[in-house]
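So this one's query.cif, mmCIF, C-alpha atoms; chains and numbers go by the auth columns:
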```cif
data_my_file
#
loop_
_atom_site.group_PDB
_atom_site.id
_atom_site.type_symbol
_atom_site.label_atom_id
_atom_site.label_comp_id
_atom_site.label_asym_id
_atom_site.label_seq_id
_atom_site.Cartn_x
_atom_site.Cartn_y
_atom_site.Cartn_z
_atom_site.B_iso_or_equiv
_atom_site.auth_seq_id
_atom_site.auth_asym_id
ATOM 1 C CA MET A 1 181.753 136.075 5.045 0.00 48 P
ATOM 2 C CA LEU A 2 184.622 134.122 3.569 0.00 49 P
ATOM 3 C CA LYS A 3 186.377 134.115 6.927 0.00 50 P
ATOM 4 C CA ILE A 4 183.290 132.668 8.587 0.00 51 P
ATOM 5 C CA ILE A 5 183.147 129.846 6.065 0.00 52 P
ATOM 6 C CA THR A 6 186.863 129.117 6.037 0.00 53 P
ATOM 7 C CA GLY A 7 187.201 129.557 9.786 0.00 54 P
ATOM 8 C CA ARG A 8 184.745 126.696 10.509 0.00 55 P
ATOM 9 C CA PRO A 9 185.507 123.035 10.325 0.00 56 P
ATOM 10 C CA LEU A 10 184.759 121.364 7.003 0.00 57 P
ATOM 11 C CA TRP A 11 182.109 119.113 8.479 0.00 58 P
ATOM 12 C CA VAL A 12 180.197 122.154 9.736 0.00 59 P
ATOM 13 C CA ASN A 13 180.150 123.684 6.257 0.00 60 P
ATOM 14 C CA MET A 14 178.997 120.407 4.774 0.00 61 P
ATOM 15 C CA LEU A 15 176.176 120.149 7.295 0.00 62 P
ATOM 16 C CA VAL A 16 175.083 123.712 6.616 0.00 63 P
ATOM 17 C CA GLY A 17 175.101 123.039 2.872 0.00 64 P
ATOM 18 C CA LEU A 18 173.069 119.869 3.320 0.00 65 P
ATOM 19 C CA LEU A 19 170.496 121.657 5.476 0.00 66 P
ATOM 20 C CA LEU A 20 170.284 124.485 2.926 0.00 67 P
ATOM 21 C CA ALA A 21 169.728 122.001 0.086 0.00 68 P
ATOM 22 C CA ILE A 22 166.976 120.215 2.042 0.00 69 P
ATOM 23 C CA GLY A 23 165.323 123.551 2.760 0.00 70 P
ATOM 24 C CA LEU A 24 165.397 124.594 -0.896 0.00 71 P
ATOM 25 C CA PHE A 25 163.960 121.222 -1.990 0.00 72 P
ATOM 26 C CA ALA A 26 161.154 121.460 0.576 0.00 73 P
ATOM 27 C CA PHE A 27 160.339 124.998 -0.577 0.00 74 P
ATOM 28 C CA PHE A 28 160.220 123.780 -4.173 0.00 75 P
ATOM 29 C CA LEU A 29 157.771 121.012 -3.299 0.00 76 P
ATOM 30 C CA LEU A 30 155.523 123.360 -1.369 0.00 77 P
ATOM 31 C CA SER A 31 155.539 125.966 -4.118 0.00 78 P
ATOM 32 C CA LEU A 32 154.860 123.268 -6.742 0.00 79 P
ATOM 33 C CA ASN A 33 151.681 122.242 -4.906 0.00 80 P
ATOM 34 C CA TRP A 34 150.635 125.889 -4.760 0.00 81 P
ATOM 35 C CA ILE A 35 151.383 126.513 -8.437 0.00 82 P
ATOM 36 C CA THR A 36 149.563 123.416 -9.739 0.00 83 P
ATOM 37 C CA GLY A 37 146.638 123.748 -7.326 0.00 84 P
ATOM 38 C CA HIS A 38 147.309 120.341 -5.835 0.00 85 P
ATOM 39 C CA GLY A 39 144.454 119.276 -3.607 0.00 86 P
ATOM 40 C CA GLN A 40 142.078 121.837 -5.170 0.00 87 P
ATOM 41 C CA SER A 41 139.240 120.214 -7.127 0.00 88 P
ATOM 42 C CA ALA A 42 135.824 121.091 -8.522 0.00 89 P
ATOM 43 C CA THR A 43 132.772 119.293 -9.868 0.00 90 P
ATOM 44 C CA VAL A 44 132.093 119.738 -13.579 0.00 91 P
ATOM 45 C CA PRO A 45 128.585 121.159 -14.118 0.00 92 P
ATOM 46 C CA SER A 46 126.248 119.657 -16.727 0.00 93 P
ATOM 47 C CA VAL A 47 125.941 121.795 -19.871 0.00 94 P
ATOM 48 C CA ALA A 48 124.693 119.222 -22.404 0.00 95 P
ATOM 49 C CA GLY A 49 121.630 120.521 -24.252 0.00 96 P
ATOM 50 C CA LYS A 50 122.431 124.175 -23.526 0.00 97 P
ATOM 51 C CA THR A 51 123.528 126.774 -26.051 0.00 98 P
ATOM 52 C CA TYR A 52 127.241 127.342 -26.413 0.00 99 P
ATOM 53 C CA GLU A 53 127.034 130.789 -24.788 0.00 100 P
ATOM 54 C CA GLN A 54 125.052 129.411 -21.834 0.00 101 P
ATOM 55 C CA ALA A 55 127.499 126.531 -21.395 0.00 102 P
ATOM 56 C CA LYS A 56 130.487 128.874 -21.586 0.00 103 P
ATOM 57 C CA ALA A 57 129.054 131.172 -18.908 0.00 104 P
ATOM 58 C CA ILE A 58 128.250 128.273 -16.563 0.00 105 P
ATOM 59 C CA LEU A 59 131.689 126.682 -16.930 0.00 106 P
ATOM 60 C CA LYS A 60 133.543 129.980 -16.545 0.00 107 P
ATOM 61 C CA LYS A 61 131.609 130.718 -13.376 0.00 108 P
ATOM 62 C CA ALA A 62 132.604 127.284 -12.025 0.00 109 P
ATOM 63 C CA GLY A 63 136.261 128.084 -12.691 0.00 110 P
ATOM 64 C CA PHE A 64 136.844 126.118 -15.908 0.00 111 P
ATOM 65 C CA ASP A 65 138.276 127.115 -19.256 0.00 112 P
ATOM 66 C CA VAL A 66 136.199 126.237 -22.342 0.00 113 P
ATOM 67 C CA GLU A 67 137.175 125.041 -25.802 0.00 114 P
ATOM 68 C CA ILE A 68 135.140 123.697 -28.730 0.00 115 P
ATOM 69 C CA GLN A 69 136.538 120.286 -29.610 0.00 116 P
ATOM 70 C CA ASP A 70 134.293 119.600 -32.611 0.00 117 P
ATOM 71 C CA SER A 71 131.053 120.597 -34.318 0.00 118 P
ATOM 72 C CA ILE A 72 128.841 117.909 -35.833 0.00 119 P
ATOM 73 C CA TYR A 73 125.323 117.647 -37.234 0.00 120 P
ATOM 74 C CA VAL A 74 122.628 115.895 -35.215 0.00 121 P
ATOM 75 C CA ASP A 75 119.089 116.343 -36.478 0.00 122 P
ATOM 76 C CA SER A 76 117.494 116.042 -33.032 0.00 123 P
ATOM 77 C CA VAL A 77 119.619 118.824 -31.470 0.00 124 P
ATOM 78 C CA PRO A 78 119.088 122.571 -32.175 0.00 125 P
ATOM 79 C CA ALA A 79 121.895 124.520 -33.835 0.00 126 P
ATOM 80 C CA LEU A 80 124.802 125.666 -31.615 0.00 127 P
ATOM 81 C CA HIS A 81 123.663 123.530 -28.676 0.00 128 P
ATOM 82 C CA VAL A 82 126.044 121.330 -26.709 0.00 129 P
ATOM 83 C CA ILE A 83 125.902 117.657 -27.701 0.00 130 P
ATOM 84 C CA LYS A 84 128.719 116.347 -25.503 0.00 131 P
ATOM 85 C CA GLN A 85 131.174 117.589 -22.891 0.00 132 P
ATOM 86 C CA ILE A 86 134.562 116.262 -21.811 0.00 133 P
ATOM 87 C CA PRO A 87 134.963 115.649 -18.860 0.00 134 P
ATOM 88 C CA ASP A 88 131.408 114.437 -18.287 0.00 135 P
ATOM 89 C CA ALA A 89 129.013 116.185 -15.961 0.00 136 P
ATOM 90 C CA ASP A 90 129.488 115.655 -12.193 0.00 137 P
ATOM 91 C CA GLU A 91 133.083 114.452 -12.570 0.00 138 P
ATOM 92 C CA VAL A 92 135.433 115.796 -9.896 0.00 139 P
ATOM 93 C CA VAL A 93 138.572 117.227 -11.502 0.00 140 P
ATOM 94 C CA LYS A 94 141.295 119.770 -10.763 0.00 141 P
ATOM 95 C CA SER A 95 140.281 123.404 -10.724 0.00 142 P
ATOM 96 C CA ASN A 96 141.052 125.515 -13.803 0.00 143 P
ATOM 97 C CA ARG A 97 140.896 122.482 -16.076 0.00 144 P
ATOM 98 C CA THR A 98 139.671 122.953 -19.640 0.00 145 P
ATOM 99 C CA VAL A 99 136.266 121.494 -20.528 0.00 146 P
ATOM 100 C CA PHE A 100 135.937 120.523 -24.195 0.00 147 P
ATOM 101 C CA LEU A 101 132.578 120.809 -25.922 0.00 148 P
ATOM 102 C CA VAL A 102 131.074 119.144 -28.977 0.00 149 P
ATOM 103 C CA ILE A 103 128.331 121.339 -30.421 0.00 150 P
ATOM 104 C CA ARG A 104 125.741 120.999 -33.170 0.00 151 P
ATOM 105 C CA ARG A 105 126.707 122.790 -36.387 0.00 152 P
ATOM 106 C CA ALA A 106 124.782 125.927 -37.283 0.00 153 P
ATOM 107 C CA VAL A 107 124.659 125.031 -40.985 0.00 154 P
ATOM 108 C CA PRO A 108 123.980 121.357 -41.846 0.00 155 P
ATOM 109 C CA PRO A 109 126.467 119.775 -44.261 0.00 156 P
ATOM 110 C CA GLU A 110 125.424 118.749 -47.752 0.00 157 P
ATOM 111 C CA VAL A 111 124.909 115.222 -49.034 0.00 158 P
ATOM 112 C CA GLU A 112 124.082 113.857 -52.472 0.00 159 P
ATOM 113 C CA MET A 113 120.476 112.863 -53.014 0.00 160 P
ATOM 114 C CA PRO A 114 120.327 109.065 -53.503 0.00 161 P
ATOM 115 C CA ASN A 115 118.384 107.345 -56.264 0.00 162 P
ATOM 116 C CA LEU A 116 115.427 105.744 -54.504 0.00 163 P
ATOM 117 C CA SER A 117 113.490 104.805 -57.628 0.00 164 P
ATOM 118 C CA GLY A 118 112.335 101.187 -57.394 0.00 165 P
ATOM 119 C CA TYR A 119 113.103 100.910 -53.678 0.00 166 P
ATOM 120 C CA SER A 120 110.408 99.683 -51.328 0.00 167 P
ATOM 121 C CA PHE A 121 109.134 102.351 -48.974 0.00 168 P
ATOM 122 C CA ARG A 122 110.796 100.659 -45.986 0.00 169 P
ATOM 123 C CA ASN A 123 114.208 100.508 -47.704 0.00 170 P
ATOM 124 C CA ALA A 124 113.907 104.077 -48.956 0.00 171 P
ATOM 125 C CA GLU A 125 113.068 105.233 -45.442 0.00 172 P
ATOM 126 C CA MET A 126 116.166 103.486 -44.052 0.00 173 P
ATOM 127 C CA VAL A 127 118.419 105.046 -46.721 0.00 174 P
ATOM 128 C CA LEU A 128 117.091 108.551 -46.046 0.00 175 P
ATOM 129 C CA LYS A 129 117.470 108.221 -42.284 0.00 176 P
ATOM 130 C CA GLY A 130 121.003 106.870 -42.729 0.00 177 P
ATOM 131 C CA MET A 131 121.876 110.057 -44.637 0.00 178 P
ATOM 132 C CA ASP A 132 120.203 112.332 -42.051 0.00 179 P
ATOM 133 C CA LEU A 133 117.370 113.182 -44.442 0.00 180 P
ATOM 134 C CA ARG A 134 113.762 113.152 -43.266 0.00 181 P
ATOM 135 C CA VAL A 135 110.817 111.355 -44.830 0.00 182 P
ATOM 136 C CA GLY A 136 107.950 113.688 -45.676 0.00 183 P
ATOM 137 C CA ASP A 137 104.511 112.995 -47.084 0.00 184 P
ATOM 138 C CA THR A 138 103.801 109.869 -49.107 0.00 185 P
ATOM 139 C CA THR A 139 101.333 109.839 -51.964 0.00 186 P
ATOM 140 C CA PHE A 140 100.214 107.059 -54.275 0.00 187 P
ATOM 141 C CA LYS A 141 99.658 106.706 -57.990 0.00 188 P
ATOM 142 C CA PRO A 142 98.554 103.738 -60.094 0.00 189 P
ATOM 143 C CA ASP A 143 101.383 101.274 -60.560 0.00 190 P
ATOM 144 C CA PHE A 144 101.646 97.521 -60.332 0.00 191 P
ATOM 145 C CA ALA A 145 104.643 97.722 -57.945 0.00 192 P
ATOM 146 C CA ARG A 146 102.893 98.209 -54.627 0.00 193 P
ATOM 147 C CA ASN A 147 104.701 100.561 -52.188 0.00 194 P
ATOM 148 C CA ALA A 148 107.642 100.929 -54.579 0.00 195 P
ATOM 149 C CA VAL A 149 109.131 104.418 -54.962 0.00 196 P
ATOM 150 C CA LEU A 150 108.121 105.989 -58.282 0.00 197 P
ATOM 151 C CA GLU A 151 109.237 109.574 -57.648 0.00 198 P
ATOM 152 C CA GLN A 152 111.256 111.505 -55.038 0.00 199 P
ATOM 153 C CA LEU A 153 110.268 115.096 -54.318 0.00 200 P
ATOM 154 C CA TYR A 154 111.904 118.050 -52.582 0.00 201 P
ATOM 155 C CA ASN A 155 109.813 121.175 -51.982 0.00 202 P
ATOM 156 C CA GLY A 156 107.150 119.749 -54.269 0.00 203 P
ATOM 157 C CA ALA A 157 109.459 119.167 -57.257 0.00 204 P
ATOM 158 C CA ILE A 158 111.255 116.062 -58.465 0.00 205 P
ATOM 159 C CA ILE A 159 114.835 115.947 -57.196 0.00 206 P
ATOM 160 C CA LYS A 160 117.379 114.116 -59.323 0.00 207 P
ATOM 161 C CA PRO A 161 119.889 111.655 -57.843 0.00 208 P
ATOM 162 C CA GLY A 162 123.231 113.280 -57.107 0.00 209 P
ATOM 163 C CA THR A 163 121.735 116.707 -56.363 0.00 210 P
ATOM 164 C CA LYS A 164 123.402 118.404 -53.382 0.00 211 P
ATOM 165 C CA ILE A 165 120.996 118.818 -50.488 0.00 212 P
ATOM 166 C CA ARG A 166 121.342 119.822 -46.847 0.00 213 P
ATOM 167 C CA LYS A 167 121.103 117.178 -44.150 0.00 214 P
ATOM 168 C CA GLY A 168 117.768 117.404 -42.359 0.00 215 P
ATOM 169 C CA SER A 169 115.899 118.211 -45.585 0.00 216 P
ATOM 170 C CA VAL A 170 112.460 116.651 -46.046 0.00 217 P
ATOM 171 C CA ILE A 171 111.972 114.268 -48.967 0.00 218 P
ATOM 172 C CA SER A 172 108.465 113.274 -50.044 0.00 219 P
ATOM 173 C CA LEU A 173 107.876 110.000 -51.868 0.00 220 P
ATOM 174 C CA VAL A 174 105.394 108.937 -54.522 0.00 221 P
ATOM 175 C CA LEU A 175 104.622 105.224 -54.228 0.00 222 P
ATOM 176 C CA GLY A 176 102.869 102.687 -56.392 0.00 223 P
ATOM 177 C CA ASP A 177 99.434 101.691 -55.123 0.00 224 P
ATOM 178 C CA GLY A 178 99.752 98.131 -56.405 0.00 225 P
ATOM 179 C CA ILE A 179 97.081 98.658 -59.040 0.00 226 P
ATOM 180 C CA GLY A 180 97.996 99.139 -62.671 0.00 227 P
ATOM 181 C CA ASN A 181 96.669 102.027 -64.737 0.00 228 P
ATOM 182 C CA GLN A 182 95.741 99.876 -67.734 0.00 229 P
ATOM 183 C CA GLU A 183 92.313 98.239 -67.682 0.00 230 P
ATOM 184 C CA PHE A 184 91.505 94.959 -69.437 0.00 231 P
ATOM 185 C CA PRO A 185 88.520 92.602 -69.470 0.00 232 P
ATOM 186 C CA VAL A 186 88.040 90.373 -66.446 0.00 233 P
ATOM 187 C CA PRO A 187 89.434 86.953 -67.460 0.00 234 P
ATOM 188 C CA ILE A 188 87.208 83.880 -67.458 0.00 235 P
ATOM 189 C CA ILE A 189 88.710 81.321 -65.076 0.00 236 P
ATOM 190 C CA THR A 190 85.614 79.323 -64.140 0.00 237 P
ATOM 191 C CA GLY A 191 86.041 75.714 -65.225 0.00 238 P
ATOM 192 C CA MET A 192 89.793 75.853 -64.598 0.00 239 P
ATOM 193 C CA THR A 193 91.557 74.090 -61.734 0.00 240 P
ATOM 194 C CA PHE A 194 92.711 76.279 -58.892 0.00 241 P
ATOM 195 C CA CYS A 195 96.443 75.885 -59.666 0.00 242 P
ATOM 196 C CA ASP A 196 95.956 76.633 -63.387 0.00 243 P
ATOM 197 C CA ALA A 197 93.810 79.651 -62.568 0.00 244 P
ATOM 198 C CA ARG A 198 96.354 80.933 -60.052 0.00 245 P
ATOM 199 C CA ALA A 199 99.118 80.806 -62.665 0.00 246 P
ATOM 200 C CA GLU A 200 96.854 82.570 -65.174 0.00 247 P
ATOM 201 C CA LEU A 201 95.994 85.352 -62.751 0.00 248 P
ATOM 202 C CA GLU A 202 99.601 85.854 -61.671 0.00 249 P
ATOM 203 C CA SER A 203 100.652 86.277 -65.307 0.00 250 P
ATOM 204 C CA MET A 204 98.119 89.135 -65.563 0.00 251 P
ATOM 205 C CA GLY A 205 99.214 90.762 -62.322 0.00 252 P
ATOM 206 C CA LEU A 206 95.968 89.848 -60.579 0.00 253 P
ATOM 207 C CA SER A 207 95.668 88.453 -57.072 0.00 254 P
ATOM 208 C CA ILE A 208 93.389 85.866 -55.538 0.00 255 P
ATOM 209 C CA GLY A 209 91.074 87.254 -52.889 0.00 256 P
ATOM 210 C CA ALA A 210 88.740 85.079 -50.849 0.00 257 P
ATOM 211 C CA ILE A 211 88.657 81.314 -51.505 0.00 258 P
ATOM 212 C CA VAL A 212 85.437 79.475 -50.736 0.00 259 P
ATOM 213 C CA LEU A 213 85.708 75.654 -50.591 0.00 260 P
ATOM 214 C CA ASP A 214 82.641 73.487 -51.254 0.00 261 P
ATOM 215 C CA GLY A 215 83.487 69.920 -50.224 0.00 262 P
ATOM 216 C CA VAL A 216 87.064 70.269 -51.501 0.00 263 P
ATOM 217 C CA THR A 217 89.939 68.175 -50.115 0.00 264 P
ATOM 218 C CA ASP A 218 92.487 68.751 -52.899 0.00 265 P
ATOM 219 C CA THR A 219 92.584 72.508 -53.436 0.00 266 P
ATOM 220 C CA CYS A 220 95.091 72.512 -56.280 0.00 267 P
ATOM 221 C CA ASN A 221 92.989 70.168 -58.461 0.00 268 P
ATOM 222 C CA ALA A 222 89.606 71.568 -57.415 0.00 269 P
ATOM 223 C CA PHE A 223 87.570 73.363 -60.091 0.00 270 P
ATOM 224 C CA ILE A 224 86.379 76.930 -60.049 0.00 271 P
ATOM 225 C CA TYR A 225 82.605 77.109 -60.485 0.00 272 P
ATOM 226 C CA LYS A 226 82.220 80.815 -59.672 0.00 273 P
ATOM 227 C CA GLN A 227 84.373 83.936 -59.676 0.00 274 P
ATOM 228 C CA VAL A 228 83.734 87.441 -58.322 0.00 275 P
ATOM 229 C CA PRO A 229 83.886 89.641 -60.275 0.00 276 P
ATOM 230 C CA GLY A 230 82.776 87.684 -63.304 0.00 277 P
ATOM 231 C CA ARG A 231 83.323 88.586 -66.947 0.00 278 P
ATOM 232 C CA TYR A 232 79.915 90.268 -67.333 0.00 279 P
ATOM 233 C CA ASP A 233 77.617 92.459 -65.257 0.00 280 P
ATOM 234 C CA ASP A 234 73.861 91.968 -64.901 0.00 281 P
ATOM 235 C CA GLU A 235 73.287 93.683 -68.242 0.00 282 P
ATOM 236 C CA LYS A 236 75.802 91.371 -69.918 0.00 283 P
ATOM 237 C CA ARG A 237 78.356 94.146 -70.347 0.00 284 P
ATOM 238 C CA ILE A 238 82.012 93.166 -70.124 0.00 285 P
ATOM 239 C CA LEU A 239 83.587 94.178 -66.829 0.00 286 P
ATOM 240 C CA ARG A 240 87.123 95.512 -66.719 0.00 287 P
ATOM 241 C CA ILE A 241 89.875 95.099 -64.127 0.00 288 P
ATOM 242 C CA ARG A 242 93.388 96.410 -63.480 0.00 289 P
ATOM 243 C CA SER A 243 96.617 94.745 -62.376 0.00 290 P
ATOM 244 C CA GLY A 244 96.854 94.469 -58.627 0.00 291 P
ATOM 245 C CA GLN A 245 93.162 93.904 -58.072 0.00 292 P
ATOM 246 C CA THR A 246 91.722 90.662 -56.719 0.00 293 P
ATOM 247 C CA ILE A 247 89.250 87.995 -57.792 0.00 294 P
ATOM 248 C CA ASP A 248 87.366 85.811 -55.301 0.00 295 P
ATOM 249 C CA LEU A 249 87.141 82.103 -56.135 0.00 296 P
ATOM 250 C CA PHE A 250 84.566 79.412 -55.329 0.00 297 P
ATOM 251 C CA LEU A 251 85.855 75.813 -55.620 0.00 298 P
ATOM 252 C CA GLN A 252 84.239 72.394 -55.927 0.00 299 P
ATOM 253 C CA PRO A 253 85.635 68.897 -56.572 0.00 300 P
ATOM 254 C CA ASP A 254 83.936 68.375 -59.983 0.00 301 P
ATOM 255 C CA ARG A 255 84.230 70.330 -63.212 0.00 302 P
ATOM 256 C CA PRO A 256 81.293 72.726 -63.636 0.00 303 P
ATOM 257 C CA VAL A 257 78.944 72.589 -66.658 0.00 304 P
ATOM 258 C CA ALA A 258 79.984 74.438 -69.792 0.00 305 P
ATOM 259 C CA ASP A 259 77.569 77.355 -69.581 0.00 306 P
ATOM 260 C CA THR A 260 78.781 78.144 -66.041 0.00 307 P
ATOM 261 C CA THR A 261 82.369 78.500 -67.276 0.00 308 P
ATOM 262 C CA MET A 262 81.253 81.292 -69.566 0.00 309 P
ATOM 263 C CA ASN A 263 80.092 83.151 -66.462 0.00 310 P
ATOM 264 C CA ILE A 264 77.209 84.812 -68.336 0.00 311 P
ATOM 265 C CA PRO A 265 74.295 85.724 -66.091 0.00 312 P
ATOM 266 C CA GLU A 266 70.989 84.103 -66.986 0.00 313 P
#
```
Go through the file and emit its structure as structure tokens.
Amino acid sequence: MLKIITGRPLWVNMLVGLLLAIGLFAFFLLSLNWITGHGQSATVPSVAGKTYEQAKAILKKAGFDVEIQDSIYVDSVPALHVIKQIPDADEVVKSNRTVFLVIRRAVPPEVEMPNLSGYSFRNAEMVLKGMDLRVGDTTFKPDFARNAVLEQLYNGAIIKPGTKIRKGSVISLVLGDGIGNQEFPVPIITGMTFCDARAELESMGLSIGAIVLDGVTDTCNAFIYKQVPGRYDDEKRILRIRSGQTIDLFLQPDRPVADTTMNIPE
């Protein structure tokens, strides 16, 4: 072998070496394509919304490896179902690529129950949804603060702020009905101007209902000649009212006579 090499001209040996090197490089390139699967591709099937086991079987059958990238809690997705896949469905990628899955946690994480006392129902609802808690039944009880949260309940019992609770839990709310629980005599506002009567009623937590105008052009300085309900019933018994309730007003330009302001039925 040595004689063959040494017996040939140098340029022949160099040419043979060059051809051998080119051949080895070409073989390397061809084998690299074979090893890496160059030119072989597959379409990623859609597995979002399926259970992890279903998704794994589908992807394995399509020639992909499967790994769980993350597990998160989403209230609208059942436990252990696929929320997201990477690459996305219908993408064309190299065969044997790994598909990463994000699945819904089997056990929801815990959060601290917020203090919703005094919140309006709308604000309380936003806070609960932002913490992945669900709003349950709403009930009402007498309280001047209409639609304000008075109590927060979990499984029928009051839940204190800061209590650990699973995401997705249902919280029921007790709201104020806008009517106080303390009764007091209906105030006499006949004979007063509308603006004075309005201030008087607001100080008592009462609201103005219907307003009937009789030839009035200046509402603020018009006089009240009738109110419903009045101070007395037909048997001259004192009527009672609670905060949050309303009184209808009848207005006229002139001050009514004195006996009308007493609002005593004849």
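Using all atoms listed in the file, the nearest neighbour of Arg193 of chain P within the list P:Val233, P:Ile226, P:Ile205, P:Ile218 is P:Ile226.
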Sorted by chain and rising residue number, which residues of segment 112-165 of chain P lie within 8 Å of segment 197-204 of chain P, and what are their closest atom pairs and distances in Å to one decimal, counting all atoms listed in the file, as a Markdown table?
```
| residue | atom | partner | partner_atom | distance |
| --- | --- | --- | --- | --- |
| P:Leu163 | CA | P:Gln199 | CA | 7.1 |
| P:Ser164 | CA | P:Leu197 | CA | 5.5 |
| P:Gly165 | CA | P:Leu197 | CA | 6.5 |
```
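Between atom CA of Arg302 of chain P and atom CA of Asn268 of chain P lies a distance of 10.0 Å.
Considering all atoms listed in the file, the residue among P:Val94, P:Leu148, P:Leu66, P:Ile271 positioned nearest to Val304 of chain P is P:Ile271.
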Practice problem: Carefully work through the PyMOL selection byres ((chain P and resi 109) around 10) for this structure and note down the residues it includes, as a list in words. | Solution: Ala89, Thr90, Val91, Pro92, Lys103, Ala104, Ile105, Leu106, Lys107, Lys108, Gly110, Phe111, Asp112, Ser142 and Asn143 of chain P
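Between atom CA of Asp295 of chain P and atom CA of Asn228 of chain P the interatomic distance comes to 20.9 Å.
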Report as AutoDock Vina command-line options the centre and the edge lengths, in Å to one decimal, of the axis-aligned box holding every listed atom of segment 173-189 of chain P, padded by 8 Å on each side.
```
--center_x 110.2 --center_y 108.6 --center_z -51.1 --size_x 39.3 --size_y 26.2 --size_z 34.0
```
As a short mmCIF file (atom, residue, chain, number, x, y, z; two decimals) with C-alpha atoms, in the frame of the given file, please: the residues near Lys273 of chain P (cut-off 7 Å, all atoms listed in the file, same-chain neighbours under 6 positions excluded).
```cif
data_model
loop_
_atom_site.label_atom_id
_atom_site.label_comp_id
_atom_site.auth_asym_id
_atom_site.auth_seq_id
_atom_site.Cartn_x
_atom_site.Cartn_y
_atom_site.Cartn_z
CA THR P 237 85.61 79.32 -64.14
CA LEU P 296 87.14 82.10 -56.14
CA PHE P 297 84.57 79.41 -55.33
#
```
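The residue that comes closest to Ser250 of chain P, out of P:Gly291, P:Ala126, P:Asp184, P:Val154 and on the basis of all atoms listed in the file, is P:Gly291.
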Quiz item: Taking the file as shown, what set of residues would the PyMOL selection byres ((chain P and resi 253) around 7) give back, as a PyMOL selection string?
Solution: chain P and resi 248-249+251-252+254-255+290-293
Quiz item: Could you name the residues that touch Val129 of chain P at 12 Å or less, counting all atoms listed in the file, but leaving out those on the same chain fewer than 4 positions away, as JSON, numbers by chain?
Solution: {"P": [93, 94, 95, 96, 97, 98, 99, 100, 101, 102, 103, 114, 115, 116, 117, 118, 119, 120, 121, 123, 124, 125, 133, 146, 147, 148, 149, 150, 151, 152, 153]}
